[in-house]
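The data block below is input_33.txt; it holds compact mmCIF, C-alpha atoms.
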# COMPACT_ATOMS: atom_id res chain seq x y z
CA MET A 1 -13.68 -13.47 -18.54
CA THR A 2 -15.87 -11.80 -15.91
CA LEU A 3 -14.64 -12.73 -12.47
CA LYS A 4 -15.95 -12.11 -8.99
CA LEU A 5 -13.17 -10.57 -6.89
CA GLY A 6 -13.44 -10.00 -3.16
CA VAL A 7 -11.06 -7.88 -1.16
CA VAL A 8 -10.42 -8.05 2.58
CA MET A 9 -8.83 -4.78 3.61
CA ASP A 10 -8.68 -2.02 6.18
CA PRO A 11 -11.54 0.52 6.03
CA ILE A 12 -11.56 1.87 2.48
CA ALA A 13 -12.77 5.26 3.70
CA ARG A 14 -9.49 5.76 5.56
CA ILE A 15 -6.95 4.74 2.93
CA ASN A 16 -4.41 7.19 1.49
CA TYR A 17 -5.85 7.87 -1.96
CA LYS A 18 -2.53 8.95 -3.44
CA LYS A 19 -0.55 5.92 -2.28
CA ASP A 20 -2.82 2.97 -1.65
CA SER A 21 -1.73 -0.17 -3.51
CA THR A 22 -4.97 -2.06 -2.92
CA LEU A 23 -6.86 0.70 -4.71
CA ALA A 24 -4.58 0.25 -7.72
CA MET A 25 -5.44 -3.45 -7.76
CA LEU A 26 -9.16 -2.70 -7.57
CA TRP A 27 -8.95 -0.16 -10.41
CA ALA A 28 -7.25 -2.79 -12.55
CA ALA A 29 -9.87 -5.45 -11.75
CA GLN A 30 -12.75 -3.08 -12.44
CA ALA A 31 -11.15 -2.05 -15.75
CA ARG A 32 -11.53 -5.71 -16.75
CA ASP A 33 -15.27 -5.57 -15.90
CA TRP A 34 -14.85 -7.84 -12.89
CA GLU A 35 -17.40 -7.68 -10.10
CA LEU A 36 -15.85 -6.31 -6.89
CA PHE A 37 -16.91 -7.17 -3.34
CA TYR A 38 -15.63 -5.40 -0.23
CA MET A 39 -15.02 -6.96 3.19
CA GLU A 40 -13.25 -6.06 6.39
CA GLN A 41 -11.71 -8.68 8.60
CA GLU A 42 -14.57 -8.70 11.12
CA ASP A 43 -17.08 -9.40 8.32
CA LEU A 44 -15.76 -12.94 7.82
CA TYR A 45 -17.47 -15.88 9.46
CA LEU A 46 -17.57 -19.69 9.46
CA GLU A 47 -21.01 -21.30 9.92
CA GLN A 48 -21.48 -25.07 9.95
CA GLY A 49 -18.11 -25.38 8.29
CA VAL A 50 -18.96 -22.99 5.44
CA ALA A 51 -17.01 -19.75 5.05
CA GLY A 52 -19.00 -16.59 4.44
CA ALA A 53 -18.88 -12.85 4.82
CA SER A 54 -21.09 -9.82 5.04
CA MET A 55 -19.85 -8.22 1.84
CA ALA A 56 -20.78 -5.15 -0.19
CA ALA A 57 -20.63 -4.78 -3.96
CA LEU A 58 -17.95 -2.16 -4.64
CA LYS A 59 -17.18 0.40 -7.34
CA VAL A 60 -13.93 2.39 -7.38
CA PHE A 61 -13.14 5.69 -9.05
CA HIS A 62 -10.14 7.80 -10.01
CA ASP A 63 -11.35 10.65 -7.85
CA PRO A 64 -9.42 11.88 -4.78
CA GLN A 65 -12.63 13.24 -3.26
CA SER A 66 -14.79 10.15 -3.85
CA TRP A 67 -12.88 6.99 -4.71
CA TYR A 68 -15.43 4.31 -3.86
CA ALA A 69 -19.12 3.45 -3.63
CA LEU A 70 -20.62 0.53 -1.71
CA GLN A 71 -23.93 -1.22 -2.15
CA PRO A 72 -25.85 -2.58 0.89
CA ARG A 73 -24.13 -5.55 2.47
CA GLN A 74 -25.30 -9.09 1.84
CA ASP A 75 -24.25 -12.40 3.36
CA ARG A 76 -22.52 -14.55 0.76
CA GLU A 77 -20.41 -17.67 0.79
CA LEU A 78 -16.76 -16.89 0.09
CA ALA A 79 -16.62 -19.78 -2.38
CA GLU A 80 -18.95 -17.79 -4.67
CA LEU A 81 -15.94 -15.59 -5.36
CA ASP A 82 -13.32 -16.54 -7.94
CA VAL A 83 -10.53 -14.74 -6.11
CA ILE A 84 -10.01 -12.98 -2.78
CA LEU A 85 -7.29 -10.41 -2.22
CA MET A 86 -6.17 -10.57 1.42
CA ARG A 87 -4.96 -7.01 1.90
CA LYS A 88 -5.36 -6.47 5.63
CA ASP A 89 -2.34 -4.55 6.87
CA PRO A 90 -0.30 -5.92 9.77
CA PRO A 91 -0.12 -6.36 12.70
CA PHE A 92 -0.05 -10.07 12.04
CA ASP A 93 -2.01 -11.07 15.12
CA ASN A 94 -4.39 -13.84 16.13
CA GLU A 95 -7.28 -12.14 14.33
CA PHE A 96 -5.27 -12.21 11.11
CA ILE A 97 -4.62 -15.94 11.62
CA TYR A 98 -8.31 -16.61 12.31
CA SER A 99 -9.18 -14.82 9.06
CA THR A 100 -6.88 -17.15 7.14
CA TYR A 101 -8.61 -20.17 8.71
CA ILE A 102 -11.94 -18.90 7.42
CA MET A 103 -10.68 -18.05 3.93
CA GLU A 104 -8.90 -21.39 3.73
CA GLU A 105 -12.27 -23.13 3.63
CA ALA A 106 -13.05 -21.16 0.46
CA GLU A 107 -9.63 -22.11 -0.91
CA ARG A 108 -10.51 -25.78 -0.48
CA ARG A 109 -13.65 -25.16 -2.55
CA GLY A 110 -11.73 -23.58 -5.41
CA THR A 111 -11.45 -19.87 -4.60
CA LEU A 112 -8.00 -18.41 -5.23
CA VAL A 113 -6.76 -16.43 -2.22
CA VAL A 114 -3.90 -14.01 -2.88
CA ASN A 115 -1.74 -14.81 -1.05
CA ARG A 116 -2.30 -18.48 -0.08
CA CYS A 117 -3.60 -18.74 3.47
CA GLN A 118 -1.13 -21.31 4.76
CA SER A 119 1.78 -19.29 3.38
CA LEU A 120 0.52 -16.12 5.03
CA ARG A 121 0.75 -18.01 8.32
CA ASP A 122 4.02 -19.78 7.60
CA CYS A 123 6.09 -16.96 6.09
CA ASN A 124 6.95 -14.42 8.75
CA GLU A 125 8.15 -11.41 6.81
CA LYS A 126 11.41 -11.15 8.74
CA VAL A 127 12.22 -14.83 9.28
CA PHE A 128 11.24 -16.02 5.78
CA ALA A 129 14.17 -14.09 4.33
CA THR A 130 16.62 -16.15 6.41
CA GLN A 131 15.77 -19.19 4.25
CA PHE A 132 18.04 -17.55 1.67
CA PRO A 133 21.28 -17.00 3.62
CA GLN A 134 23.24 -16.46 0.41
CA CYS A 135 21.20 -13.26 -0.04
CA CYS A 136 21.19 -11.94 3.54
CA PRO A 137 23.57 -9.99 5.77
CA PRO A 138 24.72 -11.69 8.99
CA VAL A 139 21.51 -12.22 10.95
CA LEU A 140 20.38 -13.80 14.21
CA VAL A 141 16.86 -14.66 15.40
CA SER A 142 16.75 -15.22 19.15
CA ALA A 143 15.23 -14.21 22.49
CA ASP A 144 18.48 -14.85 24.38
CA ILE A 145 19.90 -11.49 25.49
CA LYS A 146 23.44 -12.87 25.95
CA ARG A 147 23.39 -14.39 22.46
CA LEU A 148 22.13 -11.13 21.00
CA LYS A 149 24.83 -9.19 22.83
CA ASP A 150 27.49 -11.58 21.52
CA PHE A 151 26.20 -10.98 17.98
CA HIS A 152 26.46 -7.24 18.59
CA LYS A 153 29.97 -7.59 20.00
CA LYS A 154 31.04 -9.50 16.89
CA HIS A 155 29.48 -7.14 14.32
CA GLN A 156 29.67 -3.90 16.37
CA ASP A 157 26.98 -2.04 14.41
CA VAL A 158 23.63 -3.87 14.51
CA ILE A 159 19.94 -3.38 13.80
CA PHE A 160 17.58 -4.95 16.36
CA LYS A 161 13.91 -5.28 15.43
CA PRO A 162 10.75 -7.17 16.43
CA LEU A 163 9.47 -9.95 14.18
CA ASP A 164 5.96 -8.54 13.90
CA GLY A 165 6.56 -4.85 13.23
CA MET A 166 5.73 -2.80 10.17
CA GLY A 167 6.48 0.68 8.91
CA GLY A 168 9.80 0.84 10.77
CA THR A 169 8.32 0.68 14.27
CA ALA A 170 10.59 -0.35 17.18
CA ILE A 171 13.71 -0.67 15.01
CA PHE A 172 16.93 0.21 16.83
CA ARG A 173 20.44 0.74 15.49
CA VAL A 174 23.01 -0.04 18.17
CA LYS A 175 26.62 0.96 17.50
CA LEU A 176 29.77 -0.15 19.31
CA ASP A 177 29.83 0.88 22.99
CA ASP A 178 26.22 2.07 22.95
CA PRO A 179 25.31 2.29 26.67
CA ASN A 180 21.64 1.56 25.91
CA ILE A 181 22.06 -1.94 24.50
CA SER A 182 20.89 -3.70 27.68
CA VAL A 183 17.70 -1.69 28.04
CA ILE A 184 16.94 -1.94 24.31
CA LEU A 185 17.27 -5.72 24.36
CA GLU A 186 15.33 -6.03 27.61
CA MET A 187 12.49 -4.03 26.08
CA LEU A 188 12.43 -5.76 22.68
CA THR A 189 12.76 -9.29 24.08
CA GLU A 190 10.54 -8.62 27.12
CA HIS A 191 13.45 -9.67 29.32
CA GLY A 192 14.37 -12.69 27.23
CA HIS A 193 10.86 -14.01 26.50
CA GLN A 194 10.17 -12.47 23.06
CA THR A 195 12.09 -13.56 19.95
CA ILE A 196 13.55 -10.73 17.86
CA MET A 197 15.92 -10.28 14.93
CA ALA A 198 19.45 -8.90 14.94
CA GLN A 199 20.95 -7.87 11.61
CA ARG A 200 24.37 -6.42 10.86
CA PHE A 201 23.89 -2.77 9.92
CA ILE A 202 24.12 -2.14 6.17
CA PRO A 203 25.59 1.33 5.47
CA GLU A 204 24.03 1.39 2.01
CA ILE A 205 20.73 2.22 3.70
CA SER A 206 21.73 5.82 2.95
CA GLN A 207 21.04 5.00 -0.71
CA GLY A 208 17.63 3.58 0.14
CA ASP A 209 15.77 0.48 1.29
CA LYS A 210 14.56 -0.91 -2.05
CA ARG A 211 11.10 -2.43 -2.37
CA ILE A 212 10.98 -4.88 -5.27
CA LEU A 213 7.55 -6.18 -6.24
CA VAL A 214 7.37 -9.77 -7.48
CA ILE A 215 4.35 -11.25 -9.30
CA ASN A 216 4.33 -15.06 -9.33
CA GLY A 217 8.12 -15.13 -9.18
CA GLU A 218 8.68 -12.46 -11.85
CA PRO A 219 10.02 -9.08 -10.70
CA VAL A 220 8.60 -5.77 -11.80
CA PRO A 221 11.67 -4.29 -13.59
CA TYR A 222 11.62 -1.14 -11.44
CA CYS A 223 11.66 -0.73 -7.67
CA LEU A 224 11.15 2.00 -5.11
CA ALA A 225 14.22 3.04 -3.11
CA ARG A 226 12.98 4.46 0.19
CA VAL A 227 15.68 6.89 1.27
CA PRO A 228 15.91 7.80 4.98
CA GLU A 229 15.76 11.33 6.26
CA VAL A 230 19.10 12.81 7.31
CA GLY A 231 20.08 11.32 10.67
CA GLU A 232 17.59 8.46 10.34
CA THR A 233 18.39 4.76 9.79
CA ARG A 234 14.91 3.71 8.61
CA GLY A 235 13.88 4.19 5.00
CA ASN A 236 10.22 3.26 5.55
CA LEU A 237 7.86 5.82 4.05
CA ALA A 238 5.86 5.63 7.27
CA ALA A 239 9.01 6.73 9.12
CA GLY A 240 9.59 9.76 6.92
CA GLY A 241 11.57 8.15 4.09
CA THR A 242 11.42 9.53 0.55
CA GLY A 243 10.50 7.24 -2.34
CA ARG A 244 12.77 7.18 -5.41
CA PRO A 245 11.71 4.86 -8.28
CA GLN A 246 14.66 3.25 -10.07
CA PRO A 247 15.53 0.25 -12.27
CA LEU A 248 16.57 -3.07 -10.75
CA THR A 249 20.28 -3.87 -10.62
CA ASP A 250 21.81 -7.19 -11.67
CA ARG A 251 22.20 -8.06 -7.98
CA ASP A 252 18.53 -7.28 -7.34
CA ARG A 253 17.53 -9.64 -10.15
CA TRP A 254 19.85 -12.35 -8.82
CA ILE A 255 18.24 -12.14 -5.39
CA VAL A 256 14.77 -12.44 -6.94
CA GLU A 257 15.94 -15.53 -8.84
CA GLN A 258 17.04 -17.12 -5.56
CA VAL A 259 13.68 -16.47 -3.90
CA ALA A 260 11.29 -16.92 -6.84
CA PRO A 261 10.95 -20.76 -6.77
CA ALA A 262 9.87 -20.65 -3.12
CA LEU A 263 7.37 -17.86 -3.82
CA ARG A 264 5.79 -19.86 -6.63
CA ASP A 265 5.77 -23.07 -4.61
CA LYS A 266 4.06 -21.37 -1.68
CA GLY A 267 1.39 -19.62 -3.75
CA LEU A 268 2.76 -16.17 -2.93
CA LEU A 269 1.55 -14.47 -6.11
CA PHE A 270 2.34 -10.98 -4.88
CA ALA A 271 5.37 -10.33 -2.69
CA GLY A 272 7.57 -7.39 -1.83
CA LEU A 273 11.29 -8.01 -1.37
CA ASP A 274 13.21 -5.45 0.69
CA ILE A 275 16.84 -5.07 -0.35
CA ILE A 276 19.47 -2.76 1.14
CA GLY A 277 22.66 -2.55 -0.86
CA ASP A 278 23.43 -6.13 -1.89
CA TYR A 279 21.35 -7.79 0.82
CA LEU A 280 17.84 -9.16 1.20
CA THR A 281 16.39 -8.02 4.53
CA GLU A 282 12.67 -8.92 4.38
CA ILE A 283 10.08 -10.66 2.21
CA ASN A 284 6.69 -8.96 2.59
CA VAL A 285 3.74 -11.25 1.88
CA THR A 286 0.79 -9.92 3.90
CA SER A 287 0.01 -6.61 2.17
CA PRO A 288 2.97 -5.40 0.05
CA THR A 289 2.79 -1.77 -1.01
CA CYS A 290 4.59 0.76 -3.28
CA ILE A 291 2.58 -0.06 -6.44
CA ARG A 292 1.48 3.53 -6.89
CA GLU A 293 4.90 5.11 -6.51
CA ILE A 294 6.51 2.72 -9.01
CA ASN A 295 3.58 3.07 -11.41
CA ASP A 296 3.89 6.85 -11.32
CA GLY A 297 7.65 6.76 -11.83
CA TYR A 298 7.55 4.64 -14.97
CA ASP A 299 3.96 4.77 -16.28
CA LEU A 300 3.30 1.13 -15.36
CA ASP A 301 0.15 -0.80 -14.44
CA ILE A 302 1.39 -3.22 -11.78
CA GLY A 303 -2.16 -3.89 -10.58
CA GLY A 304 -3.03 -4.89 -14.12
CA GLN A 305 -0.04 -7.23 -14.26
CA LEU A 306 -1.29 -8.91 -11.09
CA MET A 307 -4.82 -9.29 -12.48
CA ASP A 308 -3.41 -10.87 -15.67
CA CYS A 309 -1.45 -13.28 -13.48
CA ILE A 310 -4.60 -14.15 -11.53
CA VAL A 311 -6.44 -14.96 -14.77
CA GLU A 312 -3.57 -17.20 -15.83
CA VAL A 313 -3.50 -19.03 -12.49
CA LEU A 314 -7.28 -19.50 -12.47
CA GLY A 315 -7.14 -20.81 -16.02
CA LYS A 316 -4.66 -23.48 -15.01
CA SER A 317 -6.63 -24.54 -11.94
CA HIS A 318 -10.07 -24.82 -13.57

Mind converting the file's structure to structure tokens?
Amino acid sequence: MTLKLGVVMDPIARINYKKDSTLAMLWAAQARDWELFYMEQEDLYLEQGVAGASMAALKVFHDPQSWYALQPRQDRELAELDVILMRKDPPFDNEFIYSTYIMEEAERRGTLVVNRCQSLRDCNEKVFATQFPQCCPPVLVSADIKRLKDFHKKHQDVIFKPLDGMGGTAIFRVKLDDPNISVILEMLTEHGHQTIMAQRFIPEISQGDKRILVINGEPVPYCLARVPEVGETRGNLAAGGTGRPQPLTDRDRWIVEQVAPALRDKGLLFAGLDIIGDYLTEINVTSPTCIREINDGYDLDIGGQLMDCIVEVLGKSH
């Protein structure tokens, strides 16, 4: 089956060749002789109710010096595509939401968008995890500084973080008697007007913040533990963490089982669960990464698994 696959992503010229997960997906699609089309967020438009984009035919290569080639751009309707990968990195801002409105028109006309537009809007990557309290550490979502301080007083060692961050930005660990708690909460909540998350600190972060990739509710059997630098509480690779591929534990698989029905129901074909110790901390749905590191650790083709899943889903819907 020859499919037309579009990708909405950050500028392909500026990706990290060694680590980029979207590139792994595109390699897998091209290996199946699919036609690839490249778009950036600002290329999308809606004219007279019809979604379109200025898109360029794309070829990708296994070459660290020259990993892509683009043809001249052409205006096309999004519904001409069989599938669109929405791979624009956060921040999840108004522009991201507007992009989902545009792509949703193509969804209504039969194009598969990975992940489903409504679910990209509905499933905040921090708050979505709280729908599974049996999997989570003690957690509070609030803008109320007194309430947040009471949570800290009860649990004594707490992580405070914004709801729209990525890569470990603006994450604070506040221990008992930390004199900076007031200023940290004032800054994060914008003096009580911005909702944030408080999470009891999980000491097992020293063993890594595990990224588990889930394809249509089925976990890849290996994950990437992102181990913090000495003296650091964030395992994010962007914050200096070191990636360590490893097999899933029984607890990891149990957590995936708890979340999987909701992922399938919401059309979240590709998600990244973050697990520290025994606890689910986030569910990444916008642009989950770590494909390349897990592939390299265990000679896998996770991008290929996702493409096979897309074929299966398209077969059921047509």

If you take all atoms listed in the file and a cut-off of 8 Å, which residues of stretch 34-112 of chain A touch stretch 117-139 of chain A, and what are their nearest atom pairs and distances in Å to one decimal, in chain and number order, as a Markdown table?
| residue | atom | partner | partner_atom | distance |
| --- | --- | --- | --- | --- |
| A:Ile97 | CA | A:Arg121 | CA | 6.6 |
| A:Thr100 | CA | A:Cys117 | CA | 5.2 |
| A:Tyr101 | CA | A:Cys117 | CA | 7.4 |
| A:Met103 | CA | A:Cys117 | CA | 7.1 |
| A:Glu104 | CA | A:Cys117 | CA | 5.9 |

What's the separation between atom CA of A:Met197 and atom CA of A:Glu229, in Å to one decimal place? 23.3 Å

With distances taken over only C-alpha atoms, which residue among A:Arg73, A:Arg116, A:Arg264, A:Arg108 lies nearest A:Arg87? A:Arg116

At what distance in Å, to one decimal, does atom CA of A:Pro90 lie from atom CA of A:Ser206?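 About the pair atom CA of A:Ser206 and atom CA of A:Pro90: they are 25.9 Å apart.
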
Counting all atoms listed in the file, the residue among A:Pro162, A:Gly243, A:Pro179, A:Gly110 that lies closest to A:Pro228 is A:Gly243

Between A:His152, A:Ile102, A:Leu140, A:Arg211, which has the minimum distance to A:Val50 (counting only C-alpha atoms)?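 Checking each of A:His152, A:Ile102, A:Leu140, A:Arg211 against A:Val50, counting only C-alpha atoms, the winner is A:Ile102.
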